[in-house]
Amino acid sequence: MLAAQDLTLGARLRDVTASFALGTITAICGPNGSGKSTLLKLLAGLERPDTGFVTLDGARLDALDARRRAQAIGYLPQSGEVAWDVAVRDLVGLGRLPHRDRGAAAITAALEALDLAALADRPVSRLSGGERARALLARVLAGEPRWILADEPLAALDLGHQLALLSHLRRAAETGAGVVLVLHDLALAMNHADRVIVIDQGAVVVDGRCEDALDHRVIERVWGVPAHWLGEPGARALALG
């Protein structure tokens, strides 16, 4: 289990407590600047809170060595920056560094999962924005982490690749991984997550089933827009106004 206890960080996050289970997809939603990305970084151990702590399987995350954290937690940031112009296969292979092995099978599986096999030898500089986003996520998947933490992983993808990625993340959850996603698209969260945490002004507003956390009254209160849901469970569309 990955758990946050009373996390506070400046004005960005206030007394956030939440736990995350393996085998599930949790979406973190909220307006711009609400603290979603900050929470994800704290869960990944990339920032230290002013107060509170994060635990991984009952152990304080800040007490674990960096290699063990990196083996357990794969983190994908919003930015798609790549420091070196390497081939896609080599970029994806960097996900194996915490394991100190080449992991050829894992690299190949990640390339295929993100529809990148045909681009494996292409330099990263020659990728489109969406292709680069997929390559960076493949790097995370190649590490075979038990926890996949991704900040807006769908933002640069077209509709087909969005659905393919969500299907892959669902399969990862079904095989035992814990998936935590920051999402702006509430319809994707409603249709593909098992649970939603809504954050506003640094605090948790609602934490629960998608139908409850993204109820039209919550959306109106947090996002300030009237809304209602159309369609059947699993294929809902959000109508505004």
# chains A, B, ... in the order shown; residues from 1 in each chain; ligands from 1
$ select_by_dssp --residues "segment 11-196 of chain A" --states "strand (DSSP E)" --output "PyMOL selection string"
chain A and resi 13-20+25-29+51-56+59-60+73-76+147-151+178-182+195-196
$ closest_atom_pairs --of "segment 104-204 of chain A" --to "segment 223-230 of chain A" --cutoff "12 Å" --atoms "only C-alpha atoms" --output "tab-separated table"
residue	atom	partner	partner_atom	distance
A:His184	CA	A:Trp223	CA	11.1
A:Leu186	CA	A:Trp229	CA	10.4
A:Ala187	CA	A:Trp229	CA	8.8
A:Met190	CA	A:Trp229	CA	9.8
A:Asn191	CA	A:Trp229	CA	11.3
A:Val198	CA	A:Trp223	CA	10.4
A:Ile199	CA	A:Trp223	CA	10.5
A:Asp200	CA	A:Trp223	CA	8.8
A:Gln201	CA	A:Trp223	CA	11.2
$ closest_residue --among "A:Ala18, A:Ala11, A:Ile73, A:Val124" --to "Val196 of chain A" --atoms "only C-alpha atoms"
A:Ala18
$ residues_around --residues "Arg69 of chain A" --least-positions-apart "3" --cutoff "12 Å" --atoms "only C-alpha atoms" --output "PyMOL selection string"
chain A and resi 2+43-46+54-57+59-66+72-75+98-99+143+145-148
$ atom_distance --atom1 "atom CA of Leu116 of chain A" --atom2 "atom CA of Asp90 of chain A"
12.3 Å
$ select_by_dssp --residues "segment 138-214 of chain A" --states "alpha helix (DSSP H)" --output "PyMOL selection string"
chain A and resi 138-142+159-174+186-192+210-213
$ write_last_selection --atoms "N, CA and C atoms" --output "compact mmCIF listing (two decimals), in the first residue's frame"
# COMPACT_ATOMS: atom_id res chain seq x y z
N ALA A 138 6.75 4.82 -21.83
CA ALA A 138 7.34 3.49 -22.03
C ALA A 138 8.56 3.32 -21.14
N ARG A 139 9.33 4.38 -20.96
CA ARG A 139 10.49 4.30 -20.05
C ARG A 139 10.05 3.91 -18.64
N VAL A 140 8.94 4.50 -18.18
CA VAL A 140 8.41 4.15 -16.87
C VAL A 140 7.98 2.69 -16.84
N LEU A 141 7.24 2.25 -17.86
CA LEU A 141 6.73 0.89 -17.88
C LEU A 141 7.85 -0.14 -17.97
N ALA A 142 8.95 0.20 -18.64
CA ALA A 142 10.06 -0.74 -18.78
C ALA A 142 10.67 -1.10 -17.43
N LEU A 159 -6.83 10.54 -29.67
CA LEU A 159 -7.86 9.74 -29.03
C LEU A 159 -7.53 8.25 -29.05
N GLY A 160 -7.01 7.76 -30.17
CA GLY A 160 -6.69 6.35 -30.26
C GLY A 160 -5.63 5.93 -29.27
N HIS A 161 -4.58 6.74 -29.15
CA HIS A 161 -3.51 6.39 -28.23
C HIS A 161 -3.93 6.62 -26.77
N GLN A 162 -4.84 7.57 -26.53
CA GLN A 162 -5.38 7.72 -25.18
C GLN A 162 -6.06 6.44 -24.73
N LEU A 163 -6.94 5.93 -25.57
CA LEU A 163 -7.67 4.71 -25.21
C LEU A 163 -6.74 3.51 -25.09
N ALA A 164 -5.75 3.43 -25.98
CA ALA A 164 -4.80 2.32 -25.90
C ALA A 164 -4.01 2.37 -24.61
N LEU A 165 -3.59 3.58 -24.22
CA LEU A 165 -2.82 3.72 -22.99
C LEU A 165 -3.68 3.37 -21.77
N LEU A 166 -4.92 3.85 -21.77
CA LEU A 166 -5.81 3.54 -20.65
C LEU A 166 -6.06 2.04 -20.55
N SER A 167 -6.17 1.38 -21.68
CA SER A 167 -6.34 -0.08 -21.68
C SER A 167 -5.11 -0.76 -21.10
N HIS A 168 -3.93 -0.25 -21.46
CA HIS A 168 -2.70 -0.84 -20.93
C HIS A 168 -2.61 -0.62 -19.42
N LEU A 169 -2.97 0.56 -18.95
CA LEU A 169 -2.93 0.83 -17.51
C LEU A 169 -3.94 -0.03 -16.77
N ARG A 170 -5.08 -0.29 -17.40
CA ARG A 170 -6.06 -1.18 -16.78
C ARG A 170 -5.47 -2.59 -16.67
N ARG A 171 -4.80 -3.06 -17.70
CA ARG A 171 -4.19 -4.38 -17.64
C ARG A 171 -3.11 -4.43 -16.56
N ALA A 172 -2.35 -3.32 -16.44
CA ALA A 172 -1.31 -3.26 -15.40
C ALA A 172 -1.95 -3.38 -14.02
N ALA A 173 -3.07 -2.69 -13.81
CA ALA A 173 -3.77 -2.78 -12.53
C ALA A 173 -4.31 -4.19 -12.29
N GLU A 174 -4.84 -4.80 -13.33
CA GLU A 174 -5.40 -6.14 -13.19
C GLU A 174 -4.33 -7.18 -12.86
N LEU A 186 -12.38 15.01 -16.97
CA LEU A 186 -13.22 14.35 -15.98
C LEU A 186 -13.96 13.15 -16.56
N ALA A 187 -14.27 13.19 -17.84
CA ALA A 187 -14.95 12.05 -18.45
C ALA A 187 -14.03 10.82 -18.48
N LEU A 188 -12.75 11.03 -18.78
CA LEU A 188 -11.81 9.91 -18.76
C LEU A 188 -11.67 9.35 -17.35
N ALA A 189 -11.64 10.23 -16.36
CA ALA A 189 -11.57 9.77 -14.97
C ALA A 189 -12.83 8.98 -14.60
N MET A 190 -13.99 9.50 -14.97
CA MET A 190 -15.25 8.83 -14.66
C MET A 190 -15.33 7.45 -15.29
N ASN A 191 -14.88 7.34 -16.53
CA ASN A 191 -15.05 6.08 -17.27
C ASN A 191 -13.97 5.05 -17.06
N HIS A 192 -12.78 5.49 -16.59
CA HIS A 192 -11.66 4.56 -16.56
C HIS A 192 -11.01 4.37 -15.19
N CYS A 210 -16.12 7.03 -8.36
CA CYS A 210 -16.17 8.05 -9.40
C CYS A 210 -17.52 8.75 -9.43
N GLU A 211 -18.61 7.99 -9.30
CA GLU A 211 -19.94 8.57 -9.37
C GLU A 211 -20.19 9.58 -8.27
N ASP A 212 -19.57 9.36 -7.11
CA ASP A 212 -19.76 10.28 -5.98
C ASP A 212 -18.80 11.46 -6.07
N ALA A 213 -17.52 11.16 -6.35
CA ALA A 213 -16.51 12.22 -6.37
C ALA A 213 -16.72 13.21 -7.50
